[in-house]
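What's in protein-v9.cif: mmCIF, C-alpha atoms and all ligand atoms
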data_structure
#
loop_
_atom_site.label_atom_id
_atom_site.label_comp_id
_atom_site.auth_asym_id
_atom_site.auth_seq_id
_atom_site.Cartn_x
_atom_site.Cartn_y
_atom_site.Cartn_z
CA MET A 1 38.35 -3.12 27.66
CA SER A 2 37.60 -0.90 30.66
CA ILE A 3 36.50 -2.26 34.02
CA TRP A 4 33.01 -0.72 33.44
CA THR A 5 32.62 -2.49 30.09
CA THR A 6 33.62 -5.80 31.71
CA ILE A 7 31.07 -5.31 34.54
CA ALA A 8 28.34 -4.48 31.97
CA LEU A 9 29.13 -7.65 29.96
CA VAL A 10 29.10 -9.87 33.08
CA ALA A 11 25.75 -8.34 34.15
CA ALA A 12 24.24 -8.96 30.67
CA LEU A 13 25.48 -12.58 30.71
CA ALA A 14 23.96 -13.14 34.18
CA ALA A 15 20.60 -11.75 32.99
CA ILE A 16 20.58 -14.13 29.98
CA LEU A 17 21.43 -17.13 32.20
CA ALA A 18 18.66 -16.18 34.67
CA PHE A 19 16.13 -15.95 31.80
CA VAL A 20 17.09 -19.39 30.40
CA ALA A 21 16.94 -20.97 33.88
CA GLY A 22 13.49 -19.45 34.42
CA ARG A 23 12.19 -20.89 31.13
CA LEU A 24 13.55 -24.36 31.97
CA LEU A 25 11.93 -24.23 35.42
CA SER A 26 8.54 -23.22 34.00
CA LEU A 27 8.66 -26.10 31.51
CA TYR A 28 9.47 -28.54 34.33
CA ARG A 29 6.52 -27.21 36.35
CA ALA A 30 4.08 -27.95 33.51
CA SER A 31 4.08 -31.64 34.63
CA PRO A 32 1.29 -32.78 36.98
CA GLN A 33 2.06 -32.55 40.70
CA LEU A 34 1.61 -36.17 41.54
CA ASP A 35 3.60 -38.07 44.10
CA PRO A 36 7.21 -37.20 43.29
CA ALA A 37 8.27 -40.57 44.69
CA HIS A 38 6.49 -42.23 41.76
CA GLN A 39 8.45 -41.30 38.70
CA ALA A 40 7.86 -42.99 35.36
CA PRO A 41 9.91 -46.18 35.42
CA GLU A 42 12.26 -46.34 32.48
CA ASP A 43 11.33 -49.94 31.81
CA ALA A 44 7.56 -49.45 32.03
CA PRO A 45 6.08 -51.85 29.48
CA SER A 46 4.63 -50.14 26.44
CA ASP A 47 4.10 -51.13 22.90
CA ALA A 48 7.38 -50.97 21.04
CA ASN A 49 5.62 -49.86 17.86
CA GLU A 50 3.68 -47.06 19.50
CA PRO A 51 5.23 -43.67 18.77
CA GLU A 52 6.22 -41.76 21.88
CA GLN A 53 3.75 -38.96 22.55
CA GLU A 54 3.54 -36.03 24.91
CA GLU A 55 0.66 -37.21 27.09
CA VAL A 56 0.70 -34.37 29.61
CA PRO A 57 -0.59 -31.15 28.02
CA SER A 58 2.04 -28.44 28.04
CA GLN A 59 1.66 -25.10 29.79
CA THR A 60 1.07 -23.20 26.56
CA GLU A 61 -1.65 -25.59 25.30
CA THR A 62 -3.84 -25.60 28.38
CA VAL A 63 -6.02 -22.86 29.80
CA VAL A 64 -6.32 -22.91 33.59
CA TRP A 65 -9.93 -22.48 34.70
CA ASP A 66 -9.47 -21.80 38.39
CA ASP A 67 -13.04 -20.51 38.75
CA ASP A 68 -15.00 -23.10 36.80
CA GLY A 69 -12.83 -26.19 36.43
CA TRP A 70 -14.74 -29.46 36.12
CA TRP A 71 -13.27 -30.54 39.51
CA LEU A 72 -15.29 -27.83 41.32
CA PRO A 73 -18.57 -29.45 42.49
CA ASP A 74 -21.76 -28.10 40.96
CA GLY A 75 -24.03 -28.60 43.98
CA ILE A 76 -23.55 -29.66 47.59
CA PRO A 77 -20.15 -31.40 47.67
CA VAL A 78 -20.18 -35.09 48.62
CA LEU A 79 -17.45 -37.61 49.42
CA VAL A 80 -19.56 -40.61 48.39
CA ALA A 81 -21.94 -40.90 45.42
CA PRO A 82 -25.56 -40.94 46.62
CA SER A 83 -27.14 -44.38 46.35
CA SER A 84 -30.77 -45.29 45.89
CA ASP A 85 -32.56 -47.31 48.54
CA MET A 86 -35.12 -49.81 47.27
CA ASP A 87 -35.07 -52.11 50.31
CA ALA A 88 -38.74 -51.39 51.06
CA ASP A 89 -39.96 -52.17 47.52
CA PRO A 90 -41.22 -55.80 47.29
CA SER A 91 -40.88 -55.98 43.47
CA ALA A 92 -37.29 -54.71 43.74
CA GLN A 93 -36.61 -57.43 46.31
CA ARG A 94 -37.80 -60.09 43.86
CA VAL A 95 -35.49 -58.76 41.13
CA ARG A 96 -32.60 -58.62 43.60
CA GLU A 97 -33.14 -62.26 44.57
CA HIS A 98 -33.15 -63.17 40.87
CA VAL A 99 -29.85 -61.31 40.23
CA ARG A 100 -28.18 -62.75 43.33
CA ALA A 101 -29.21 -66.25 42.31
CA ALA A 102 -27.81 -65.63 38.80
CA ILE A 103 -24.32 -64.93 40.24
CA ASP A 104 -24.03 -68.58 41.29
CA ASP A 105 -26.11 -70.10 38.47
CA PRO A 106 -23.79 -72.08 36.11
CA ASN A 107 -26.44 -71.90 33.35
CA VAL A 108 -26.98 -68.15 33.38
CA ASP A 109 -26.54 -66.42 30.02
CA LEU A 110 -23.48 -64.16 30.54
CA PRO A 111 -22.25 -61.50 28.08
CA ALA A 112 -19.70 -63.03 25.71
CA PHE A 113 -16.99 -61.66 23.41
CA PRO A 114 -17.78 -61.69 19.67
CA LEU A 115 -16.73 -65.05 18.17
CA ALA A 116 -14.09 -63.54 15.86
CA ALA A 117 -12.48 -61.71 18.79
CA GLN A 118 -12.44 -64.89 20.88
CA ARG A 119 -10.70 -66.82 18.09
CA ALA A 120 -8.27 -63.96 17.37
CA LEU A 121 -7.32 -63.59 21.05
CA GLU A 122 -6.79 -67.36 21.28
CA LEU A 123 -4.49 -67.22 18.26
CA MET A 124 -2.65 -64.28 19.82
CA GLN A 125 -1.64 -66.35 22.83
CA ASN A 126 1.21 -67.29 20.51
CA GLU A 127 3.61 -64.31 20.33
CA ASP A 128 4.67 -65.35 16.79
CA VAL A 129 1.14 -65.21 15.42
CA ASP A 130 0.74 -65.25 11.62
CA TYR A 131 -0.73 -61.78 10.83
CA GLY A 132 -2.23 -63.11 7.54
CA ARG A 133 -4.21 -65.77 9.43
CA LEU A 134 -5.17 -63.23 12.11
CA ALA A 135 -6.42 -60.85 9.39
CA GLU A 136 -8.71 -63.60 8.01
CA ILE A 137 -10.30 -64.10 11.43
CA VAL A 138 -10.62 -60.42 12.40
CA GLY A 139 -11.87 -59.62 8.88
CA GLU A 140 -14.96 -61.77 9.56
CA ASP A 141 -16.16 -59.10 12.00
CA GLN A 142 -16.56 -55.72 10.29
CA ALA A 143 -16.70 -53.71 13.51
CA LEU A 144 -13.52 -55.33 14.85
CA ALA A 145 -11.69 -54.86 11.53
CA ALA A 146 -12.79 -51.23 11.33
CA GLY A 147 -11.59 -50.67 14.89
CA VAL A 148 -8.11 -51.99 14.12
CA LEU A 149 -7.77 -49.90 10.94
CA ARG A 150 -9.10 -46.82 12.72
CA LEU A 151 -6.45 -47.06 15.42
CA ALA A 152 -3.76 -47.62 12.78
CA HIS A 153 -4.83 -44.28 11.23
CA SER A 154 -5.25 -42.41 14.54
CA ALA A 155 -3.39 -39.26 15.54
CA ALA A 156 -0.56 -41.33 17.00
CA TYR A 157 0.25 -42.73 13.54
CA ALA A 158 -0.86 -39.73 11.47
CA ARG A 159 2.58 -39.17 9.98
CA MET A 160 2.71 -42.70 8.57
CA PHE A 161 1.31 -43.78 5.19
CA LYS A 162 -2.32 -44.92 4.81
CA ILE A 163 -2.95 -48.65 4.91
CA ASP A 164 -6.09 -50.60 4.15
CA ARG A 165 -4.91 -54.14 4.93
CA LEU A 166 -5.39 -55.67 8.35
CA ASP A 167 -2.09 -57.59 8.33
CA LEU A 168 -0.21 -54.32 7.71
CA ALA A 169 -2.22 -52.62 10.46
CA PHE A 170 -1.26 -55.43 12.87
CA ALA A 171 2.42 -54.98 11.98
CA ARG A 172 2.16 -51.22 12.55
CA LEU A 173 0.36 -51.47 15.89
CA GLY A 174 2.29 -54.42 17.31
CA HIS A 175 1.11 -57.52 19.16
CA SER A 176 0.27 -55.88 22.49
CA THR A 177 -1.75 -52.98 21.03
CA VAL A 178 -3.66 -55.30 18.67
CA ARG A 179 -4.65 -57.43 21.67
CA LEU A 180 -5.82 -54.32 23.56
CA VAL A 181 -7.85 -52.96 20.66
CA LEU A 182 -9.56 -56.34 20.10
CA ILE A 183 -10.56 -56.48 23.77
CA ALA A 184 -11.68 -52.82 23.80
CA LYS A 185 -13.72 -53.12 20.59
CA SER A 186 -15.32 -56.34 21.87
CA LEU A 187 -16.31 -54.66 25.13
CA LYS A 188 -17.73 -51.72 23.18
CA GLN A 189 -19.81 -54.09 21.03
CA ILE A 190 -21.17 -55.92 24.07
CA THR A 191 -21.99 -52.77 26.07
CA THR A 192 -23.51 -50.67 23.33
CA SER A 193 -25.58 -53.53 21.91
CA THR A 194 -27.09 -54.45 25.29
CA PRO A 195 -30.61 -53.06 25.41
CA ALA A 196 -31.71 -50.92 28.34
CA GLY A 197 -34.68 -48.78 29.20
CA GLY A 198 -34.80 -45.01 29.56
CA ARG A 199 -31.22 -43.94 30.15
CA ASP A 200 -28.75 -45.42 27.68
CA ILE A 201 -27.01 -47.55 30.29
CA GLY A 202 -25.00 -49.55 27.74
CA ALA A 203 -23.43 -46.40 26.27
CA GLU A 204 -22.77 -45.10 29.81
CA LEU A 205 -20.99 -48.33 30.74
CA TRP A 206 -18.80 -48.04 27.65
CA SER A 207 -17.99 -44.38 28.40
CA GLY A 208 -17.03 -45.21 31.99
CA ALA A 209 -14.88 -48.12 30.79
CA ILE A 210 -12.92 -46.25 28.13
CA VAL A 211 -12.42 -43.16 30.35
CA SER A 212 -10.97 -45.41 33.07
CA GLY A 213 -8.79 -47.25 30.55
CA VAL A 214 -7.39 -44.03 29.09
CA LEU A 215 -6.84 -42.40 32.52
CA LEU A 216 -5.17 -45.41 34.11
CA LYS A 217 -2.82 -45.74 31.14
CA HIS A 218 -2.04 -42.00 31.29
CA MET A 219 -1.33 -41.99 35.04
CA SER A 220 0.28 -45.43 35.35
CA PRO A 221 3.95 -44.33 34.95
CA HIS A 222 3.62 -41.97 37.93
CA TYR A 223 2.55 -44.90 40.10
CA ASP A 224 5.00 -47.52 38.84
CA LEU A 225 2.34 -49.51 36.98
CA PRO A 226 2.67 -51.02 33.48
CA LYS A 227 0.75 -49.03 30.86
CA ASP A 228 -0.94 -51.84 28.92
CA GLU A 229 -2.04 -53.69 32.03
CA ALA A 230 -3.33 -50.41 33.51
CA PHE A 231 -5.41 -49.78 30.38
CA LEU A 232 -7.02 -53.23 30.65
CA VAL A 233 -7.67 -52.83 34.39
CA GLY A 234 -9.47 -49.53 33.72
CA LEU A 235 -11.36 -50.87 30.74
CA LEU A 236 -12.66 -54.03 32.41
CA HIS A 237 -13.03 -53.13 36.11
CA ASP A 238 -16.83 -52.69 35.99
CA ILE A 239 -17.79 -55.70 33.82
CA GLY A 240 -20.01 -56.84 36.69
CA LYS A 241 -22.41 -54.02 35.74
CA LEU A 242 -22.60 -55.45 32.25
CA ALA A 243 -23.53 -58.86 33.64
CA ILE A 244 -26.24 -57.29 35.80
CA LEU A 245 -27.60 -55.39 32.79
CA ARG A 246 -27.84 -58.63 30.79
CA VAL A 247 -29.56 -60.53 33.62
CA LEU A 248 -32.03 -57.69 34.18
CA ASP A 249 -32.81 -57.53 30.47
CA ASP A 250 -33.47 -61.29 30.38
CA TYR A 251 -35.60 -61.01 33.53
CA HIS A 252 -37.86 -58.36 32.00
CA ARG A 253 -38.20 -60.31 28.76
CA ALA A 254 -39.43 -63.29 30.79
CA HIS A 255 -41.55 -61.43 33.35
CA GLY A 256 -42.57 -58.25 31.55
CA GLY A 257 -41.94 -54.70 32.70
CA THR A 258 -39.06 -52.44 31.74
CA LEU A 259 -35.61 -52.03 33.12
CA SER A 260 -35.44 -49.27 35.73
CA PRO A 261 -32.17 -47.28 35.78
CA VAL A 262 -32.70 -46.60 39.52
CA MET A 263 -32.97 -50.32 40.20
CA PHE A 264 -29.95 -50.99 37.99
CA ASP A 265 -27.84 -48.53 40.04
CA TRP A 266 -29.12 -50.03 43.30
CA LEU A 267 -28.21 -53.57 42.22
CA CYS A 268 -24.81 -52.41 40.91
CA ASP A 269 -24.02 -50.80 44.26
CA GLU A 270 -24.81 -54.07 45.96
CA CYS A 271 -23.24 -56.73 43.77
CA HIS A 272 -21.38 -55.53 40.65
CA GLU A 273 -18.00 -56.51 42.13
CA GLU A 274 -19.23 -60.00 43.03
CA PHE A 275 -20.85 -60.52 39.61
CA GLY A 276 -17.77 -59.03 37.94
CA LEU A 277 -15.55 -61.65 39.57
CA ARG A 278 -17.84 -64.38 38.19
CA LEU A 279 -17.59 -62.86 34.69
CA ALA A 280 -13.80 -62.41 35.01
CA HIS A 281 -13.46 -66.15 35.60
CA ALA A 282 -15.89 -66.93 32.74
CA TRP A 283 -13.80 -64.75 30.40
CA ASN A 284 -10.62 -66.39 31.71
CA LEU A 285 -9.05 -63.03 32.61
CA GLN A 286 -5.59 -63.17 34.18
CA GLU A 287 -4.46 -61.59 37.46
CA PRO A 288 -4.56 -58.85 38.63
CA LEU A 289 -7.86 -58.38 36.77
CA PRO A 290 -10.11 -60.79 38.75
CA ASP A 291 -8.83 -59.44 42.08
CA LEU A 292 -9.47 -55.84 41.08
CA ILE A 293 -12.78 -56.49 39.31
CA GLY A 294 -14.00 -58.30 42.43
CA ASP A 295 -12.81 -55.69 44.94
CA HIS A 296 -12.08 -52.16 43.68
CA HIS A 297 -14.30 -49.94 45.84
CA GLN A 298 -12.67 -50.68 49.20
CA PRO A 299 -10.94 -47.89 51.13
CA THR A 300 -7.25 -48.36 50.60
CA THR A 301 -3.79 -46.82 50.90
CA PRO A 302 -1.19 -46.98 48.12
CA LYS A 303 0.95 -49.55 49.91
CA ASN A 304 1.14 -52.08 47.10
CA ARG A 305 0.42 -52.46 43.40
CA LEU A 306 -3.21 -53.61 43.78
CA SER A 307 -3.95 -50.75 46.19
CA ARG A 308 -2.56 -48.21 43.72
CA TYR A 309 -4.79 -49.70 41.02
CA ARG A 310 -7.83 -49.47 43.33
CA LEU A 311 -7.13 -45.80 44.06
CA LEU A 312 -6.68 -45.02 40.37
CA LEU A 313 -9.96 -46.82 39.55
CA GLN A 314 -11.82 -44.82 42.19
CA PHE A 315 -10.19 -41.65 40.85
CA SER A 316 -11.18 -42.49 37.27
CA ASP A 317 -14.81 -43.04 38.33
CA VAL A 318 -14.75 -39.55 39.88
CA VAL A 319 -13.32 -37.99 36.70
CA ALA A 320 -15.86 -39.83 34.51
CA ALA A 321 -18.73 -38.56 36.68
CA MET A 322 -17.50 -34.96 36.98
CA THR A 323 -16.69 -34.61 33.26
CA GLY A 324 -20.10 -35.88 32.14
CA TYR A 325 -19.21 -39.34 30.81
CA THR A 326 -21.35 -40.99 33.51
CA PRO A 327 -24.18 -39.52 35.66
CA TYR A 328 -22.94 -36.34 37.38
CA VAL A 329 -21.91 -36.38 41.04
CA PRO A 330 -20.75 -33.12 42.78
CA TYR A 331 -17.69 -34.66 44.46
CA ASP A 332 -15.68 -32.67 46.99
CA PHE A 333 -12.74 -33.38 44.70
CA PHE A 334 -9.59 -32.48 46.64
CA ASN A 335 -11.01 -33.94 49.88
CA LEU A 336 -11.80 -37.34 48.38
CA PRO A 337 -9.82 -40.17 50.03
CA CYS A 338 -8.63 -41.50 46.63
CA VAL A 339 -7.38 -38.04 45.56
CA GLN A 340 -5.55 -37.56 48.85
CA GLU A 341 -4.10 -41.08 48.91
CA LEU A 342 -2.82 -40.58 45.37
CA ASN A 343 -1.11 -37.43 46.69
CA ILE A 344 -2.81 -35.17 44.13
CA LYS A 345 -2.49 -31.72 45.68
CA ASN A 346 -4.51 -28.60 44.91
CA THR A 347 -1.75 -26.59 43.23
CA PRO A 348 -1.74 -24.45 40.05
CA GLU A 349 0.24 -27.21 38.31
CA THR A 350 -2.29 -29.88 39.29
CA ARG A 351 -5.20 -27.69 38.16
CA ARG A 352 -3.43 -27.10 34.84
CA TRP A 353 -3.05 -30.87 34.43
CA LEU A 354 -6.70 -31.47 35.41
CA ALA A 355 -7.85 -28.80 32.93
CA GLY A 356 -6.14 -30.74 30.14
CA LEU A 357 -7.67 -34.12 31.03
CA PRO A 358 -11.02 -33.79 29.14
CA ALA A 359 -9.20 -33.08 25.86
CA LEU A 360 -6.80 -35.95 26.44
CA ILE A 361 -9.65 -38.36 27.26
CA ALA A 362 -11.68 -37.26 24.23
CA GLU A 363 -8.73 -37.74 21.89
CA LYS A 364 -7.61 -41.14 23.23
CA ALA A 365 -11.14 -42.52 23.74
CA GLY A 366 -11.98 -41.43 20.19
CA ASP A 367 -9.45 -43.96 18.87
CA PHE A 368 -11.82 -46.72 19.98
FE FE A 401 -17.07 -50.38 40.23
FE FE A 402 -16.05 -47.84 37.99
#
In structure tokens, write the structure found in this file.
Amino acid sequence: MSIWTTIALVAALAAILAFVAGRLLSLYRASPQLDPAHQAPEDAPSDANEPEQEEVPSQTETVVWDDDGWWLPDGIPVLVAPSSDMDADPSAQRVREHVRAAIDDPNVDLPAFPLAAQRALELMQNEDVDYGRLAEIVGEDQALAAGVLRLAHSAAYARMFKIDRLDLAFARLGHSTVRLVLIAKSLKQITTSTPAGGRDIGAELWSGAIVSGVLLKHMSPHYDLPKDEAFLVGLLHDIGKLAILRVLDDYHRAHGGTLSPVMFDWLCDECHEEFGLRLAHAWNLQEPLPDLIGDHHQPTTPKNRLSRYRLLLQFSDVVAAMTGYTPYVPYDFFNLPCVQELNIKNTPETRRWLAGLPALIAEKAGDF
């Protein structure tokens, strides 16, 4: 072999190596640019029966909309959602006094989980629960049973055989996921069956809850938080709004008039955390849920676990509003304190990740 042939072969080999390295680098860059200090912990709790899935959309699946991404505000950008002011309205003051009194009233009629879900969750406090007995209880509530079977047939389990028995669905999903789906389906029943005037506030509350649950679970590994707990924190963080909706509905039944969405928002701004804490205790929720339900809108830095949860909750509210799941707010996205504290930078990789979020939320939320 001549010296020129050898040089040509070495050059060709170098070109091939450079191409392969470039491909590997581009695949690595398809991950969201979150805080690199927060890598997914290898021991992050997740359901052992849940098949591993690619949660971050890959570069080839996602179109980057740099000009009209949902994170670009449609209107004058704001850092805080506008709030209504009803301080000067005497009838609003009367309703506010009624709601504030209800927070401390031991006899107030609070939203409650469906009976079958309550009994099932009690039974599930035992890790070695009998799935046959659990199926009898869950089977008494058609909506709950349908929710469990639906998740067992969702995209995550699409390659597995069809099942139509609850005990088999429980075995497929595993203890932790069954508990989550019972809580999520119960919350959906309570929110969407709560009457409201004008705007469908119950449906909005459910949308906000499931978007937060899905997003917190999706982002939790990057912030060293356990997935299942993160899902519950997202799902339940605004239950105070549900309590306010119930109290307002009862008030109007007793005193006449119809529920005003503007007044609902005004009362939520003022006391949904406080009322949520009351409901968290009534539902016997475990820490960190009561802490976060009672105090998730405070400015914070990601110095500890609860602070990271608060930032993710604020971030999920922003995503829910800007993607149309809750009333639209033209947030100044990349300048929001929660976005900056979470170290989410305005880079092509981040925008690619953001562009994929609506599809991810729609798919995961659709399981419930
Ligand atoms: Fe909230
Ligand atoms: Fe919220």
(message) What residues of the protein or nucleic acid chains come within 12 Å of ligand FE 401 (chain A) when you use all atoms listed in the file? Reply as a PyMOL selection string.
(response) chain A and resi 81+205+208-209+212+233-242+265+267-277+292-298+310-318
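Between CA of Leu151 (chain A) and CA of Asp367 (chain A) the interatomic distance comes to 5.5 Å.
Summary of the local environment: counting all atoms listed in the file, residues at most 9 Å from Ala230 (chain A), other than itself and those fewer than 5 positions away along its chain, are Gly213, Val214, Leu215, Leu216, Lys217, His218, Met219, Ser220, Leu225, Leu235 and Tyr309 of chain A.
Counting from CA of Arg246 (chain A), the distance to CA of Thr191 (chain A) is 9.5 Å.
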(request) Do a neighbour search on Ala152 (chain A) at 10 Å with all atoms listed in the file, toss out local chain neighbours closer than 4 positions, and write the hits as an MDAnalysis selection string. (result) chainID A and resid 146:148 156:158 160:164 166 168:173 178 367
(message) Measuring between only C-alpha atoms, which one of A:Trp206, A:Tyr223, A:Phe334, A:Phe264 shows the shortest distance to Ser186 (chain A)?
(response) A:Trp206
(message) Could you list, as a VMD selection string, every residue within 9 Å of Ile190 (chain A), counting only C-alpha atoms and ignoring same-chain residues fewer than 3 positions away?
(response) chain A and resid 111 to 114 185 to 187 193 to 194 202 206 242
(request) Could you check how far CA of Gly366 (chain A) sits from CA of Arg159 (chain A), in Å to one decimal? (result) 17.9 Å
Set the distance at 10 Å and use all atoms listed in the file: which residues neighbour Asp87 (chain A) once local chain neighbours fewer than 6 positions away are removed? I'd like the list as a PDB file with C-alpha atoms, in the coordinates of the input.
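For reference, result-v7.pdb as written:
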ATOM      1  CA  GLN A  93     -36.610 -57.430  46.310  1.00  0.00           C
ATOM      2  CA  ARG A  96     -32.600 -58.620  43.600  1.00  0.00           C
ATOM      3  CA  TRP A 266     -29.120 -50.030  43.300  1.00  0.00           C
TER       4      TRP A 266
END
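Closest to Leu72 (chain A) among A:Leu360, A:Ile201, A:Val319, A:Ala282 is A:Val319, based on all atoms listed in the file.
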(request) Rank nothing, just name the residue among A:Ser207, A:Glu349, A:His222, A:Pro261 nearest to ligand FE 402 (chain A), using only C-alpha atoms and all ligand atoms. (result) A:Ser207
(message) I'd like to know which of A:Glu97, A:Glu204, A:Asp109, A:Asp128 is closest to ligand FE 402 (chain A), using all atoms listed in the file.
(response) A:Glu204
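Nearest to ligand FE 402 (chain A) of all the residues A:Pro288, A:Leu182, A:Thr326, A:Leu245 is A:Thr326, counting all atoms listed in the file.
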(request) Have a look at A:Val211, A:Leu279, A:Ala365, A:Ala243 and name the one nearest to ligand FE 402 (chain A); count only C-alpha atoms and all ligand atoms. (result) A:Val211
